[in-house]
Every structure is written in C-alpha cells, then in structure tokens.
$ cat start_33.pdb   # PDB, C-alpha atoms and all ligand atoms
ATOM      1  CA  MET Q  23     131.809 221.088 221.466
ATOM      2  CA  LYS Q  24     128.227 219.983 222.061
ATOM      3  CA  LYS Q  25     127.513 218.019 225.217
ATOM      4  CA  TYR Q  26     125.836 214.632 225.204
ATOM      5  CA  SER Q  27     122.209 214.895 226.191
ATOM      6  CA  ARG Q  28     118.929 213.359 225.121
ATOM      7  CA  SER Q  29     116.460 215.716 223.563
ATOM      8  CA  ASP Q  30     112.881 214.647 224.176
ATOM      9  CA  GLU Q  31     111.283 217.372 222.093
ATOM     10  CA  ASN Q  32     109.005 216.341 219.247
ATOM     11  CA  VAL Q  33     109.697 212.618 219.454
ATOM     12  CA  ALA Q  34     107.154 210.711 217.378
ATOM     13  CA  MET Q  35     108.334 207.285 218.485
ATOM     14  CA  LYS Q  36     110.980 205.798 220.765
ATOM     15  CA  LEU Q  37     112.661 202.419 220.481
ATOM     16  CA  HIS Q  38     114.745 200.865 223.241
ATOM     17  CA  TYR Q  39     117.044 197.830 223.139
ATOM     18  CA  ASP Q  40     119.336 196.340 225.761
ATOM     19  CA  VAL Q  41     122.575 194.832 224.510
ATOM     20  CA  LEU Q  42     124.513 192.264 226.551
ATOM     21  CA  ARG Q  43     128.272 191.946 226.669
ATOM     22  CA  ASP Q  44     129.895 188.956 224.939
ATOM     23  CA  ASP Q  45     126.586 187.910 223.383
ATOM     24  CA  PHE Q  46     128.329 187.154 220.096
ATOM     25  CA  SER Q  47     125.748 185.130 218.227
ATOM     26  CA  ARG Q  48     122.936 187.601 218.962
ATOM     27  CA  ALA Q  49     125.019 190.693 218.218
ATOM     28  CA  GLY Q  50     123.191 192.564 215.499
ATOM     29  CA  GLU Q  51     119.674 191.596 216.531
ATOM     30  CA  ALA Q  52     118.871 195.022 217.938
ATOM     31  CA  SER Q  53     120.135 196.712 214.765
ATOM     32  CA  SER Q  54     118.117 194.286 212.680
ATOM     33  CA  LYS Q  55     114.950 195.110 214.637
ATOM     34  CA  ILE Q  56     115.620 198.829 214.360
ATOM     35  CA  LYS Q  57     116.131 198.523 210.616
ATOM     36  CA  ASN Q  58     112.927 196.552 210.110
ATOM     37  CA  MET Q  59     110.931 198.988 212.209
ATOM     38  CA  LEU Q  60     112.243 202.003 210.288
ATOM     39  CA  ARG Q  61     111.653 200.258 206.965
ATOM     40  CA  GLN Q  62     107.995 199.880 207.894
ATOM     41  CA  LEU Q  63     107.867 203.634 208.402
ATOM     42  CA  ALA Q  64     108.913 203.999 204.758
ATOM     43  CA  ILE Q  65     112.157 205.763 205.539
ATOM     44  CA  ASP Q  66     114.396 206.382 202.504
ATOM     45  CA  ALA Q  67     116.759 203.474 201.691
ATOM     46  CA  ASN Q  68     119.910 205.562 201.878
ATOM     47  CA  ILE Q  69     118.979 206.990 205.281
ATOM     48  CA  LEU Q  70     118.082 203.479 206.394
ATOM     49  CA  ARG Q  71     121.492 202.192 205.334
ATOM     50  CA  ARG Q  72     123.305 204.917 207.277
ATOM     51  CA  ILE Q  73     121.272 204.203 210.405
ATOM     52  CA  ALA Q  74     121.860 200.472 210.022
ATOM     53  CA  ILE Q  75     125.628 200.989 209.825
ATOM     54  CA  ALA Q  76     125.617 203.358 212.818
ATOM     55  CA  THR Q  77     123.515 201.129 215.070
ATOM     56  CA  TYR Q  78     125.266 197.924 214.025
ATOM     57  CA  GLU Q  79     128.808 199.210 214.682
ATOM     58  CA  ALA Q  80     127.556 200.646 217.992
ATOM     59  CA  GLU Q  81     125.897 197.370 218.932
ATOM     60  CA  ILE Q  82     129.039 195.387 218.117
ATOM     61  CA  ASN Q  83     131.081 197.762 220.286
ATOM     62  CA  LEU Q  84     128.664 197.227 223.187
ATOM     63  CA  VAL Q  85     129.076 193.468 222.821
ATOM     64  CA  ILE Q  86     132.845 193.333 222.364
ATOM     65  CA  HIS Q  87     134.091 196.321 224.404
ATOM     66  CA  SER Q  88     131.538 197.258 227.074
ATOM     67  CA  TYR Q  89     130.033 195.666 230.182
ATOM     68  CA  GLY Q  90     126.700 195.896 228.375
ATOM     69  CA  GLY Q  91     124.461 198.801 227.519
ATOM     70  CA  SER Q  92     121.535 200.057 225.522
ATOM     71  CA  ILE Q  93     120.525 201.622 222.236
ATOM     72  CA  ASP Q  94     117.676 204.131 222.100
ATOM     73  CA  VAL Q  95     116.279 205.406 218.830
ATOM     74  CA  TYR Q  96     114.195 208.592 218.721
ATOM     75  CA  ILE Q  97     112.191 209.019 215.571
ATOM     76  CA  LYS Q  98     111.465 212.652 214.819
ATOM     77  CA  SER Q  99     109.872 214.502 211.924
ATOM     78  CA  ASP Q 100     113.175 215.731 210.504
ATOM     79  CA  CYS Q 101     115.755 213.240 211.803
ATOM     80  CA  ILE Q 102     116.539 210.016 213.609
ATOM     81  CA  GLU Q 103     118.526 210.238 216.840
ATOM     82  CA  ILE Q 104     120.457 207.256 218.171
ATOM     83  CA  TYR Q 105     121.657 207.128 221.779
ATOM     84  CA  VAL Q 106     124.138 204.448 222.784
ATOM     85  CA  GLU Q 107     124.983 204.167 226.477
ATOM     86  CA  ASP Q 108     126.972 201.658 228.484
ATOM     87  CA  SER Q 109     128.099 201.233 232.050
ATOM     88  CA  GLY Q 110     131.808 200.804 231.463
ATOM     89  CA  PRO Q 111     134.708 200.313 231.269
ATOM     90  CA  GLY Q 112     134.897 203.651 229.438
ATOM     91  CA  ILE Q 113     137.518 204.802 226.965
ATOM     92  CA  GLU Q 114     140.852 206.080 228.206
ATOM     93  CA  ASN Q 115     141.646 208.298 225.222
ATOM     94  CA  VAL Q 116     138.637 209.107 223.037
ATOM     95  CA  GLU Q 117     140.651 210.908 220.372
ATOM     96  CA  LEU Q 118     142.885 207.862 219.964
ATOM     97  CA  ALA Q 119     139.853 205.532 219.882
ATOM     98  CA  MET Q 120     138.386 207.628 217.060
ATOM     99  CA  THR Q 121     141.515 207.129 214.923
ATOM    100  CA  LYS Q 122     141.047 204.806 211.957
ATOM    101  CA  GLY Q 123     142.783 201.511 212.688
ATOM    102  CA  PHE Q 124     143.051 201.905 216.475
ATOM    103  CA  SER Q 125     141.648 198.863 218.237
ATOM    104  CA  THR Q 126     141.983 197.009 221.506
ATOM    105  CA  ALA Q 127     139.683 194.216 220.319
ATOM    106  CA  THR Q 128     140.296 190.637 221.402
ATOM    107  CA  ASN Q 129     140.868 187.725 219.055
ATOM    108  CA  ILE Q 130     137.245 186.656 219.455
ATOM    109  CA  ALA Q 131     136.096 190.005 218.063
ATOM    110  CA  ARG Q 132     138.604 189.740 215.221
ATOM    111  CA  GLU Q 133     137.355 186.269 214.308
ATOM    112  CA  MET Q 134     133.895 187.823 213.965
ATOM    113  CA  GLY Q 135     135.262 190.287 211.412
ATOM    114  CA  PHE Q 136     135.499 193.227 213.787
ATOM    115  CA  GLY Q 137     138.432 194.796 215.575
ATOM    116  CA  ALA Q 138     139.825 196.624 212.551
ATOM    117  CA  GLY Q 139     139.459 199.918 214.375
ATOM    118  CA  MET Q 140     136.950 201.260 211.872
ATOM    119  CA  GLY Q 141     133.758 201.185 213.937
ATOM    120  CA  LEU Q 142     133.820 204.614 215.573
ATOM    121  CA  PRO Q 143     135.114 206.307 212.371
ATOM    122  CA  ASN Q 144     132.345 204.575 210.396
ATOM    123  CA  MET Q 145     129.724 205.742 212.886
ATOM    124  CA  GLU Q 146     130.964 209.308 212.650
ATOM    125  CA  LYS Q 147     131.069 209.143 208.842
ATOM    126  CA  VAL Q 148     127.422 208.130 208.433
ATOM    127  CA  SER Q 149     126.107 210.613 211.031
ATOM    128  CA  ASP Q 150     125.195 214.262 210.456
ATOM    129  CA  GLU Q 151     125.927 214.863 214.111
ATOM    130  CA  PHE Q 152     128.170 212.698 216.288
ATOM    131  CA  ILE Q 153     128.903 213.207 219.979
ATOM    132  CA  ILE Q 154     130.969 210.834 222.086
ATOM    133  CA  GLU Q 155     131.686 211.180 225.775
ATOM    134  CA  SER Q 156     133.481 208.630 227.860
ATOM    135  CA  GLU Q 157     134.804 208.373 231.345
ATOM    136  CA  ARG Q 158     137.042 205.644 232.640
ATOM    137  CA  ASP Q 159     135.144 203.266 234.995
ATOM    138  CA  LYS Q 160     131.873 205.125 234.323
ATOM    139  CA  GLY Q 161     131.003 204.349 230.735
ATOM    140  CA  THR Q 162     130.551 205.684 227.249
ATOM    141  CA  ASN Q 163     127.715 207.721 225.742
ATOM    142  CA  ILE Q 164     127.340 208.272 222.029
ATOM    143  CA  LYS Q 165     124.720 210.368 220.256
ATOM    144  CA  MET Q 166     124.280 210.087 216.506
ATOM    145  CA  VAL Q 167     121.850 212.096 214.410
ATOM    146  CA  VAL Q 168     120.887 211.282 210.843
ATOM    147  CA  ASN Q 169     118.812 213.959 209.083
ATOM    148  CA  TYR Q 170     116.308 213.061 206.383
TER     149      TYR Q 170
ATOM    150  CA  MET X  19     126.915 189.086 185.943
ATOM    151  CA  HIS X  20     124.203 186.562 186.691
ATOM    152  CA  LEU X  21     124.596 184.865 190.083
ATOM    153  CA  ARG X  22     124.024 181.497 188.431
ATOM    154  CA  ALA X  23     126.969 182.174 186.111
ATOM    155  CA  ILE X  24     129.078 183.219 189.093
ATOM    156  CA  LYS X  25     128.207 179.951 190.802
ATOM    157  CA  GLU X  26     129.303 177.940 187.768
ATOM    158  CA  SER X  27     132.506 179.928 187.153
ATOM    159  CA  VAL X  28     133.869 179.244 190.622
ATOM    160  CA  LYS X  29     132.262 175.781 191.015
ATOM    161  CA  ALA X  30     130.289 176.889 194.043
ATOM    162  CA  THR X  31     127.543 175.065 195.861
ATOM    163  CA  VAL X  32     124.444 176.807 197.174
ATOM    164  CA  LEU X  33     123.960 176.661 200.961
ATOM    165  CA  ALA X  34     120.985 178.954 201.535
ATOM    166  CA  TYR X  35     118.193 180.815 199.764
ATOM    167  CA  GLU X  36     118.586 179.208 196.342
ATOM    168  CA  LYS X  37     115.617 181.286 195.138
ATOM    169  CA  GLY X  38     117.891 184.303 195.104
ATOM    170  CA  ILE X  39     120.100 182.927 192.347
ATOM    171  CA  ASP X  40     118.245 184.518 189.427
ATOM    172  CA  LEU X  41     119.708 187.931 189.965
ATOM    173  CA  ASP X  42     122.152 190.078 188.045
ATOM    174  CA  ILE X  43     124.976 191.628 190.021
ATOM    175  CA  HIS X  44     127.587 194.066 188.705
ATOM    176  CA  THR X  45     130.081 194.485 191.515
ATOM    177  CA  ALA X  46     131.839 192.395 194.151
ATOM    178  CA  PHE X  47     133.789 193.141 197.323
ATOM    179  CA  GLY X  48     136.178 190.674 198.938
ATOM    180  CA  SER X  49     137.105 191.060 202.603
ATOM    181  CA  ASP X  50     137.205 189.366 205.977
ATOM    182  CA  LEU X  51     136.852 192.711 207.738
ATOM    183  CA  MET X  52     133.177 193.446 208.262
ATOM    184  CA  SER X  53     133.849 197.066 209.269
ATOM    185  CA  ASP X  54     135.464 197.594 205.872
ATOM    186  CA  VAL X  55     132.459 196.060 204.176
ATOM    187  CA  LEU X  56     130.227 198.441 206.162
ATOM    188  CA  ALA X  57     132.460 201.395 205.295
ATOM    189  CA  TYR X  58     132.839 200.868 201.567
ATOM    190  CA  VAL X  59     129.977 198.855 200.097
ATOM    191  CA  GLU X  60     127.094 200.997 198.866
ATOM    192  CA  GLU X  61     125.453 199.480 195.847
ATOM    193  CA  ASP X  62     124.073 195.968 195.553
ATOM    194  CA  THR X  63     127.263 193.929 195.677
ATOM    195  CA  LEU X  64     128.371 190.293 195.977
ATOM    196  CA  LEU X  65     130.242 189.823 199.254
ATOM    197  CA  ILE X  66     133.163 187.381 198.965
ATOM    198  CA  THR X  67     134.632 186.321 202.308
ATOM    199  CA  GLY X  68     136.367 183.575 204.250
ATOM    200  CA  LEU X  69     134.418 184.334 207.430
ATOM    201  CA  THR X  70     131.310 182.250 208.043
ATOM    202  CA  ASN X  71     129.797 183.540 211.282
ATOM    203  CA  HIS X  72     126.540 185.330 212.155
ATOM    204  CA  GLN X  73     128.146 188.719 211.725
ATOM    205  CA  VAL X  74     128.707 188.180 208.008
ATOM    206  CA  ILE X  75     124.975 187.633 207.500
ATOM    207  CA  ARG X  76     124.133 190.593 209.754
ATOM    208  CA  THR X  77     126.521 192.814 207.824
ATOM    209  CA  ALA X  78     124.890 191.804 204.543
ATOM    210  CA  GLU X  79     121.469 192.416 206.085
ATOM    211  CA  MET X  80     122.439 195.928 207.202
ATOM    212  CA  LEU X  81     123.558 196.799 203.667
ATOM    213  CA  ASP X  82     120.717 194.961 201.869
ATOM    214  CA  LEU X  83     123.209 192.683 200.104
ATOM    215  CA  LYS X  84     121.559 189.775 198.308
ATOM    216  CA  ALA X  85     124.403 187.270 197.986
ATOM    217  CA  ILE X  86     127.473 186.009 199.850
ATOM    218  CA  LEU X  87     130.179 183.700 198.496
ATOM    219  CA  PHE X  88     132.295 181.845 201.067
ATOM    220  CA  VAL X  89     135.792 180.930 199.915
ATOM    221  CA  ARG X  90     138.473 178.427 200.991
ATOM    222  CA  GLY X  91     135.864 175.722 201.537
ATOM    223  CA  LYS X  92     134.573 177.237 204.772
ATOM    224  CA  MET X  93     131.200 175.878 205.889
ATOM    225  CA  PRO X  94     128.973 178.027 208.095
ATOM    226  CA  CYS X  95     127.072 176.328 210.929
ATOM    227  CA  GLN X  96     123.379 175.475 210.583
ATOM    228  CA  GLU X  97     122.305 178.531 212.589
ATOM    229  CA  VAL X  98     124.096 180.847 210.183
ATOM    230  CA  ILE X  99     122.514 179.108 207.183
ATOM    231  CA  GLU X 100     119.082 179.503 208.784
ATOM    232  CA  LEU X 101     119.671 183.183 209.462
ATOM    233  CA  ALA X 102     120.578 183.736 205.798
ATOM    234  CA  GLU X 103     117.477 181.838 204.701
ATOM    235  CA  GLU X 104     115.331 184.010 206.977
ATOM    236  CA  LYS X 105     116.926 187.189 205.623
ATOM    237  CA  LYS X 106     116.589 185.975 202.017
ATOM    238  CA  ILE X 107     120.309 186.098 201.348
ATOM    239  CA  LEU X 108     121.825 183.645 198.873
ATOM    240  CA  LEU X 109     124.791 181.766 200.372
ATOM    241  CA  MET X 110     127.295 179.956 198.196
ATOM    242  CA  MET X 111     130.557 178.187 199.000
ATOM    243  CA  THR X 112     133.607 177.390 196.876
ATOM    244  CA  LYS X 113     136.858 175.566 197.639
ATOM    245  CA  GLU X 114     138.897 178.221 195.798
ATOM    246  CA  SER X 115     140.759 181.014 197.574
ATOM    247  CA  LEU X 116     139.590 184.622 197.623
ATOM    248  CA  PHE X 117     142.346 185.667 195.215
ATOM    249  CA  THR X 118     141.539 182.934 192.703
ATOM    250  CA  VAL X 119     137.813 183.631 192.886
ATOM    251  CA  ALA X 120     138.408 187.353 192.365
ATOM    252  CA  GLY X 121     140.622 186.654 189.349
ATOM    253  CA  ILE X 122     138.124 184.299 187.726
ATOM    254  CA  LEU X 123     135.173 186.633 188.240
ATOM    255  CA  TYR X 124     137.083 189.719 187.110
ATOM    256  CA  GLY X 125     137.960 187.820 183.954
ATOM    257  CA  GLU X 126     134.260 187.192 183.427
ATOM    258  CA  GLY X 127     133.442 190.878 183.659
ATOM    259  CA  LEU X 128     132.531 191.378 187.313
ATOM    260  CA  ARG X 129     134.081 194.554 188.740
ATOM    261  CA  GLY X 130     135.119 195.912 192.124
ATOM    262  CA  ILE X 131     133.249 198.738 193.791
ATOM    263  CA  SER X 132     134.537 202.281 193.466
ATOM    264  CA  ILE X 133     136.330 203.367 196.632
TER     265      ILE X 133
HETATM  266  N1  LIG Y 201     131.633 201.098 224.226
HETATM  267  C1  LIG Y 201     132.966 201.043 224.388
HETATM  268  N2  LIG Y 201     133.497 200.824 225.635
HETATM  269  C2  LIG Y 201     134.830 200.789 225.817
HETATM  270  N3  LIG Y 201     135.732 200.953 224.842
HETATM  271  C3  LIG Y 201     135.266 201.166 223.575
HETATM  272  C4  LIG Y 201     133.866 201.229 223.284
HETATM  273  N4  LIG Y 201     133.717 201.468 221.970
HETATM  274  C5  LIG Y 201     134.954 201.554 221.460
HETATM  275  N5  LIG Y 201     135.897 201.387 222.413
HETATM  276  C6  LIG Y 201     137.374 201.458 222.248
HETATM  277  O1  LIG Y 201     137.655 202.169 221.052
HETATM  278  C7  LIG Y 201     138.400 201.340 220.155
HETATM  279  C8  LIG Y 201     138.013 201.650 218.721
HETATM  280  O2  LIG Y 201     136.666 201.273 218.460
HETATM  281  P1  LIG Y 201     136.206 200.972 216.979
HETATM  282  O3  LIG Y 201     136.586 202.124 216.116
HETATM  283  O4  LIG Y 201     134.781 200.576 216.983
HETATM  284  O5  LIG Y 201     137.140 199.765 216.536
HETATM  285  P2  LIG Y 201     137.074 198.212 216.951
HETATM  286  O6  LIG Y 201     135.742 197.940 217.566
HETATM  287  O7  LIG Y 201     137.282 197.522 215.659
HETATM  288  O8  LIG Y 201     138.195 197.986 217.919
HETATM  289  C9  LIG Y 201     138.107 199.929 220.607
HETATM  290  O9  LIG Y 201     139.089 199.013 220.223
HETATM  291  C10 LIG Y 201     138.021 200.093 222.116
HETATM  292  O10 LIG Y 201     139.303 200.177 222.687
HETATM  293 MG    MG Y 202     133.974 198.600 216.765
END

$ encode --input "start_33.pdb" --output "structure tokens"
Amino acid sequence: MKKYSRSDENVAMKLHYDVLRDDFSRAGEASSKIKNMLRQLAIDANILRRIAIATYEAEINLVIHSYGGSIDVYIKSDCIEIYVEDSGPGIENVELAMTKGFSTATNIAREMGFGAGMGLPNMEKVSDEFIIESERDKGTNIKMVVNY
Amino acid sequence: MHLRAIKESVKATVLAYEKGIDLDIHTAFGSDLMSDVLAYVEEDTLLITGLTNHQVIRTAEMLDLKAILFVRGKMPCQEVIELAEEKKILLMMTKESLFTVAGILYGEGLRGISI
C-alpha cells in the first residue's frame, strides 16, 4: 500500500484552509472556497463535483470528529491532490471506519445530516487515489487524488 | 416539471431566491441524510428534506443543485435563508410530509434519480 506523503512536484497552485472543530455553522466554507477557486480555473464540472464531495465530506469530518485540522489542495497539470490532516484523536480501526454505515458521530452531527457513516466511503468513491493513515492520539492524514 | 408547478402542487411558499423558480427539473431526491445526497445525486435534482440547517444549503452548493423543498413545515433560520440567496438556490417550504410530497410529485410526473 502507498504511504501518505505530499508530493510537491509540478504544483501549479496551492490552496490552504484551516478547519476548526465544532464550528458547525461555518462547516463547508473551505469546500465552498475551493470549489469557487477551481471553477474559475475552468475545471470540468464533473471533476469539480467529485472534488467538492471529497473536500466537503473531509471538512465535515474535521469539524465533527477531529480536534481541528487543515485541507491543502495542490493543483497540477494532470490532477488535483487534496491533503487532509488533523491533530487527533485519530481512528482506532481504519478498516472499520471505512465500512459503509459505521459511525461514532454525536447527535449534533446527526442533526446536521451527517453521521450516516458514508463520508469516508464517499471520499474513496470519488477519488482516483485514496490513502488514509491514522494513529490513535496522533491524528489522521488523508490524501485524495482526482485525475482530469 | 416546472418548479412553479411543483410549488403549486404541494402548496409551498418560497423562502429564498424566488428568481430561480422558472426552471424545469426532471428528478427529485428525498432524504435527511446529506451524505446520501452527496453519494447518489448526480444530475440537476430537486432536494426534498426535513432538515433546515446550513449543511443542507452547502450540500446543494457542492452538487450545483438549484432548488430545495423543506417538508413538515420546517422553517430555516435567517442565516440559512441568506446563504441560499447568496448561492442562488431556490428554497421552498410546505407543511406536507416527505412521503405525501413525494407521492403528489410522482403523480405529476416527477421521477426519482437512478441509483
Ligand atoms: N478525522 C477524523 N478523526 C477521527 N475519527 C474520524 C475522522 N474521520 C472519520 N473518523 C471516524 O470514522 C467514522 C466514519 O467516518 P465517516 O465515514 O465520514 O462517517 P460519519 O462521519 O458519518 O460518522 C466516524 O464516525 C469516526 O469514528
Ligand atoms: Mg463523515
């Protein structure tokens, strides 16, 4: 399996967004900004939709599950790379977390329409490449690549 | 189906972006689970839901959806209405339940998305 690492080669543009924990009403703002930025670069609508889904599910997870983290988007000539990193609490069993329907979400997250355990599977589905690494008490790193 | 006809069929009121009402829409998806909406909705679809928070508008924005119908008489707060206005998303609200709304609109020719 491929290891999580950022690849700085041939990056045309980088975007960076910090995402706070429990910031429920602003959750989605980073994804919205990313989408608008990529739209201005005239990226194909279908690619745009896949990136929007990936970043939005990732952003929601940062808000509802993590202590806070960041989303970095690398725009390259042949793909978009999305890096999602947080500083904890980490995921005990990544394979279980990736299972459709598995969720430890609180009622607050459920009232927002999340917590159905479909976020990570959705992110994997829309990505051409998906890498997740997590360590308890350290944090979670996710890399998603969408090719044009 | 024309959004204006949808509004009349389910006796809905418009809450935001009334300008968006002159649009034809062929499919609808009803759910309170935003992850399911993100997973299944691809084409331009009417979102029918009983949730009225920011995340519903954000979900529609991510998928470029043009219209949302709130059921069971749920009113979103002013902030949510403003967000929809900013994103040019038509918001409507009806007192009917999701099941009733789906039945009425199916009877009028609106269809579900293919899963
Ligand atoms: N960034 C994260 N930090 C800690 N745990 C996470 C993170 N992302 C996901 N998880 C865990 O994985 C589970 C599944 O995530 P997901 O598929 O997005 O479903 P949901 O968010 O609806 O619970 C979560 O319920 C949570 O236990
Ligand atoms: Mg999630």

$ interface_residues --input "start_33.pdb" --of "chain X" --to "chain Q" --cutoff "9 Å" --atoms "all atoms listed in the file" --output "number ranges by chain"
X: 50-54, 56-57, 60, 69-74, 76-77, 79-82

$ write_last_selection --input "start_33.pdb" --atoms "C-alpha atoms" --output "PDB file, in the coordinates of the input"
ATOM      1  CA  ASP X  50     137.205 189.366 205.977  1.00  0.00           C
ATOM      2  CA  LEU X  51     136.852 192.711 207.738  1.00  0.00           C
ATOM      3  CA  MET X  52     133.177 193.446 208.262  1.00  0.00           C
ATOM      4  CA  SER X  53     133.849 197.066 209.269  1.00  0.00           C
ATOM      5  CA  ASP X  54     135.464 197.594 205.872  1.00  0.00           C
ATOM      6  CA  LEU X  56     130.227 198.441 206.162  1.00  0.00           C
ATOM      7  CA  ALA X  57     132.460 201.395 205.295  1.00  0.00           C
ATOM      8  CA  GLU X  60     127.094 200.997 198.866  1.00  0.00           C
ATOM      9  CA  LEU X  69     134.418 184.334 207.430  1.00  0.00           C
ATOM     10  CA  THR X  70     131.310 182.250 208.043  1.00  0.00           C
ATOM     11  CA  ASN X  71     129.797 183.540 211.282  1.00  0.00           C
ATOM     12  CA  HIS X  72     126.540 185.330 212.155  1.00  0.00           C
ATOM     13  CA  GLN X  73     128.146 188.719 211.725  1.00  0.00           C
ATOM     14  CA  VAL X  74     128.707 188.180 208.008  1.00  0.00           C
ATOM     15  CA  ARG X  76     124.133 190.593 209.754  1.00  0.00           C
ATOM     16  CA  THR X  77     126.521 192.814 207.824  1.00  0.00           C
ATOM     17  CA  GLU X  79     121.469 192.416 206.085  1.00  0.00           C
ATOM     18  CA  MET X  80     122.439 195.928 207.202  1.00  0.00           C
ATOM     19  CA  LEU X  81     123.558 196.799 203.667  1.00  0.00           C
ATOM     20  CA  ASP X  82     120.717 194.961 201.869  1.00  0.00           C
TER      21      ASP X  82
END

$ residues_near_ligand --input "start_33.pdb" --ligand "ligand LIG 201 (chain Y)" --cutoff "9 Å" --atoms "only C-alpha atoms and all ligand atoms" --output "MDAnalysis selection string"
(chainID Q and resid 79:91 106:116 118:128 131:132 135:145 156 158 161:164) or (chainID X and resid 53)

$ closest_residue --input "start_33.pdb" --among "X:Val28, X:Tyr58, X:Lys105, X:Gln96" --to "Ala120 (chain X)" --atoms "all atoms listed in the file"
X:Val28

$ axis_aligned_box --input "start_33.pdb" --around "region 129-143 of chain Q" --padding-each-side "4 Å" --output "JSON"
{"center_x": 137.3, "center_y": 196.3, "center_z": 215.4, "size_x": 15.1, "size_y": 28.0, "size_z": 16.0}

$ closest_residue --input "start_33.pdb" --among "X:Lys37, X:His20, X:Lys25, X:His44" --to "Met111 (chain X)" --atoms "only C-alpha atoms"
X:Lys25

$ decode --input "start_33.pdb" --residues "region 36-50 of chain Q" --atoms "N, CA, C and O atoms" --output "CSV table (one decimal), in the first residue's frame"
chain,number,residue,atom,x,y,z
Q,36,LYS,N,-1.2,26.2,-5.0
Q,36,LYS,CA,-1.6,25.5,-3.7
Q,36,LYS,C,-2.6,26.4,-2.9
Q,36,LYS,O,-2.5,27.6,-2.9
Q,37,LEU,N,-3.6,25.7,-2.4
Q,37,LEU,CA,-4.6,26.3,-1.5
Q,37,LEU,C,-4.5,25.7,-0.2
Q,37,LEU,O,-4.3,24.5,0.0
Q,38,HIS,N,-4.7,26.5,0.9
Q,38,HIS,CA,-4.6,26.0,2.2
Q,38,HIS,C,-5.7,26.6,3.1
Q,38,HIS,O,-6.0,27.8,3.1
Q,39,TYR,N,-6.4,25.7,3.8
Q,39,TYR,CA,-7.5,26.1,4.7
Q,39,TYR,C,-7.4,25.4,6.0
Q,39,TYR,O,-7.2,24.2,6.1
Q,40,ASP,N,-7.6,26.2,7.1
Q,40,ASP,CA,-7.7,25.6,8.4
Q,40,ASP,C,-9.1,25.4,8.7
Q,40,ASP,O,-10.0,26.2,8.4
Q,41,VAL,N,-9.4,24.3,9.4
Q,41,VAL,CA,-10.8,23.9,9.8
Q,41,VAL,C,-10.8,23.7,11.3
Q,41,VAL,O,-10.1,22.9,11.8
Q,42,LEU,N,-11.8,24.4,11.9
Q,42,LEU,CA,-11.9,24.3,13.4
Q,42,LEU,C,-12.8,23.2,13.8
Q,42,LEU,O,-13.8,22.9,13.1
Q,43,ARG,N,-12.6,22.6,15.0
Q,43,ARG,CA,-13.5,21.6,15.5
Q,43,ARG,C,-14.8,22.3,15.9
Q,43,ARG,O,-14.8,23.4,16.3
Q,44,ASP,N,-15.9,21.6,15.8
Q,44,ASP,CA,-17.2,22.0,16.3
Q,44,ASP,C,-17.7,23.4,15.8
Q,44,ASP,O,-18.6,24.0,16.4
Q,45,ASP,N,-17.1,23.8,14.6
Q,45,ASP,CA,-17.5,25.0,14.0
Q,45,ASP,C,-18.7,24.7,13.1
Q,45,ASP,O,-18.5,24.8,11.9
Q,46,PHE,N,-19.9,24.4,13.6
Q,46,PHE,CA,-20.9,23.8,12.8
Q,46,PHE,C,-21.5,24.7,11.7
Q,46,PHE,O,-21.7,24.3,10.6
Q,47,SER,N,-21.7,26.0,12.1
Q,47,SER,CA,-22.3,26.8,11.1
Q,47,SER,C,-21.4,27.2,9.9
Q,47,SER,O,-21.8,27.5,8.8
Q,48,ARG,N,-20.1,27.2,10.2
Q,48,ARG,CA,-19.1,27.5,9.1
Q,48,ARG,C,-18.6,26.3,8.4
Q,48,ARG,O,-17.9,26.4,7.4
Q,49,ALA,N,-19.0,25.1,8.8
Q,49,ALA,CA,-18.5,23.9,8.2
Q,49,ALA,C,-19.0,23.9,6.7
Q,49,ALA,O,-20.2,24.1,6.4
Q,50,GLY,N,-18.1,23.7,5.8
Q,50,GLY,CA,-18.4,23.8,4.4
Q,50,GLY,C,-17.8,25.0,3.7
Q,50,GLY,O,-17.8,25.1,2.5
